[in-house]
Amino acid sequence: MHNSTTHMPNTCDTEALNSLLRGELSAIETYDQAIEKITDPTVQAELRRIREEHSYASARLKERVIKYGAKASESSGIWGTFAAAVTGTAKVIGPGTTLTALKQGEEHGISEYDKTMTNDDVNSECKQMIQTQLLPQCHRHVAELDRLIGGVK
């Protein structure tokens with residue numbers, strides 16, 4: 001085991017951070033697609049704001065990956081393909097289902113962030129950013145999507 005990185009602030013598990021980054025890139029793509037499918041301008045505006053917060057999160061994660069000497073992921077990979085499949089059917093399945101799919105994506109993101117918080121190879125600086133900025137954002141997104149879902153039923 002290489003637990004030695006736990007106490008070394010100049011190192012961090014960049015693969016764990018890149019995994020989170022790919023999730024954020026996938027979220028951006030998913031929100032882009034959902035915004036195109038939703039016709040209500042108020043809901044679109046809310047989704048654009050959430051999308052911008054995912055853009056902020058991806059920039060923070062990318063900075064950390066580069067800071068710790070790795071190449072930052074530039075695409076969402078398999079998650080982006082999955083997200084495209086889910087939101088691509090949104091026009092057929094309706095806005096309520098689209099918002100529910102977005103909420104499920106946010107909940108998945110929360111579980112990925114939670115898992116990273118238990119990774120001993122992710123240093124305290126990175127964990128603090130996740131704990132104080134990125135996780136609270138995801139929790140707010142779930143609450144906001146719940147509110148939007150309640151409005152379209």
# chains A, B, ... in the order shown; residues from 1 in each chain; ligands from 1
$ select_by_dssp --residues "chain A" --states "alpha helix (DSSP H)" --output "MDAnalysis selection string"
chainID A and resid 14:37 41:67 78:88 90:93 95:117 124:129 135:152
$ residues_around --residues "range 71-73 of chain A" --least-positions-apart "4" --cutoff "12 Å" --atoms "only C-alpha atoms" --output "short mmCIF file (atom, residue, chain, number, x, y, z; two decimals) with C-alpha atoms, in the first residue's frame"
data_model
loop_
_atom_site.label_atom_id
_atom_site.label_comp_id
_atom_site.auth_asym_id
_atom_site.auth_seq_id
_atom_site.Cartn_x
_atom_site.Cartn_y
_atom_site.Cartn_z
CA THR A 14 -4.87 12.51 -10.03
CA GLU A 15 -6.71 9.54 -11.51
CA ALA A 16 -9.42 9.96 -8.87
CA LEU A 17 -9.58 13.68 -9.71
CA ASN A 18 -9.67 12.92 -13.45
CA SER A 19 -12.55 10.52 -12.84
CA LEU A 20 -14.47 13.33 -11.11
CA LEU A 21 -13.51 15.67 -13.95
CA ARG A 22 -14.93 13.26 -16.54
CA GLY A 23 -18.15 13.17 -14.51
CA GLU A 24 -18.34 16.97 -14.54
CA LEU A 25 -17.69 17.06 -18.30
CA SER A 26 -20.47 14.52 -18.74
CA SER A 58 -14.65 21.01 -14.01
CA ALA A 59 -12.28 24.00 -14.10
CA ARG A 60 -11.39 23.55 -10.40
CA LEU A 61 -10.74 19.83 -10.88
CA LYS A 62 -8.69 20.43 -14.04
CA GLU A 63 -6.52 22.96 -12.15
CA ARG A 64 -5.81 20.39 -9.42
CA VAL A 65 -4.97 17.59 -11.87
CA ILE A 66 -2.48 19.84 -13.68
CA LYS A 67 -1.09 21.18 -10.37
CA GLY A 77 -15.61 9.21 -21.99
#
$ atom_distance --atom1 "CA of Ile110 in chain A" --atom2 "CA of Gln131 in chain A"
10.7 Å
$ closest_residue --among "A:Val43, A:Ile28, A:Val152, A:Met117" --to "Tyr56 in chain A" --atoms "only C-alpha atoms"
A:Ile28
$ residues_around --residues "Pro95 in chain A" --least-positions-apart "3" --cutoff "9 Å" --atoms "only C-alpha atoms" --output "list in words"
Ala34, Lys37, Ile38, Thr39, Ala90, Lys91, Thr98, Leu99, Thr100, Ile149 and Val152 of chain A
$ write_last_selection --atoms "N, CA, C and O atoms" --output "PDB file, in the first residue's frame"
ATOM      1  N   ALA A  34     -30.173  18.605 -22.419  1.00  0.00           N
ATOM      2  CA  ALA A  34     -31.471  18.798 -21.768  1.00  0.00           C
ATOM      3  C   ALA A  34     -32.013  20.194 -22.060  1.00  0.00           C
ATOM      4  O   ALA A  34     -33.218  20.358 -22.307  1.00  0.00           O
ATOM      5  N   LYS A  37     -33.804  20.337 -25.228  1.00  0.00           N
ATOM      6  CA  LYS A  37     -35.064  19.586 -25.270  1.00  0.00           C
ATOM      7  C   LYS A  37     -36.182  20.279 -24.493  1.00  0.00           C
ATOM      8  O   LYS A  37     -37.353  20.111 -24.808  1.00  0.00           O
ATOM      9  N   ILE A  38     -35.833  21.035 -23.459  1.00  0.00           N
ATOM     10  CA  ILE A  38     -36.826  21.679 -22.598  1.00  0.00           C
ATOM     11  C   ILE A  38     -37.295  22.971 -23.278  1.00  0.00           C
ATOM     12  O   ILE A  38     -36.477  23.751 -23.752  1.00  0.00           O
ATOM     13  N   THR A  39     -38.606  23.193 -23.309  1.00  0.00           N
ATOM     14  CA  THR A  39     -39.129  24.380 -23.981  1.00  0.00           C
ATOM     15  C   THR A  39     -39.442  25.524 -23.017  1.00  0.00           C
ATOM     16  O   THR A  39     -39.508  26.671 -23.441  1.00  0.00           O
ATOM     17  N   ALA A  90     -35.206  12.591 -24.477  1.00  0.00           N
ATOM     18  CA  ALA A  90     -35.991  13.490 -23.628  1.00  0.00           C
ATOM     19  C   ALA A  90     -37.238  14.043 -24.301  1.00  0.00           C
ATOM     20  O   ALA A  90     -38.282  14.178 -23.675  1.00  0.00           O
ATOM     21  N   LYS A  91     -37.162  14.362 -25.574  1.00  0.00           N
ATOM     22  CA  LYS A  91     -38.317  14.947 -26.258  1.00  0.00           C
ATOM     23  C   LYS A  91     -39.473  13.941 -26.298  1.00  0.00           C
ATOM     24  O   LYS A  91     -40.633  14.320 -26.200  1.00  0.00           O
ATOM     25  N   THR A  98     -36.938  13.995 -18.059  1.00  0.00           N
ATOM     26  CA  THR A  98     -35.626  14.582 -18.325  1.00  0.00           C
ATOM     27  C   THR A  98     -35.031  15.128 -17.032  1.00  0.00           C
ATOM     28  O   THR A  98     -33.870  14.883 -16.700  1.00  0.00           O
ATOM     29  N   LEU A  99     -35.846  15.882 -16.277  1.00  0.00           N
ATOM     30  CA  LEU A  99     -35.374  16.453 -15.012  1.00  0.00           C
ATOM     31  C   LEU A  99     -35.031  15.361 -14.009  1.00  0.00           C
ATOM     32  O   LEU A  99     -34.054  15.469 -13.268  1.00  0.00           O
ATOM     33  N   THR A 100     -35.820  14.288 -14.004  1.00  0.00           N
ATOM     34  CA  THR A 100     -35.535  13.160 -13.115  1.00  0.00           C
ATOM     35  C   THR A 100     -34.207  12.508 -13.485  1.00  0.00           C
ATOM     36  O   THR A 100     -33.416  12.146 -12.608  1.00  0.00           O
ATOM     37  N   ILE A 149     -38.942  19.577 -10.809  1.00  0.00           N
ATOM     38  CA  ILE A 149     -39.765  18.387 -11.094  1.00  0.00           C
ATOM     39  C   ILE A 149     -41.172  18.598 -10.523  1.00  0.00           C
ATOM     40  O   ILE A 149     -42.168  18.296 -11.180  1.00  0.00           O
ATOM     41  N   VAL A 152     -43.370  20.713 -12.884  1.00  0.00           N
ATOM     42  CA  VAL A 152     -43.813  20.233 -14.206  1.00  0.00           C
ATOM     43  C   VAL A 152     -44.833  19.110 -14.122  1.00  0.00           C
ATOM     44  O   VAL A 152     -45.348  18.682 -15.123  1.00  0.00           O
TER      45      VAL A 152
END
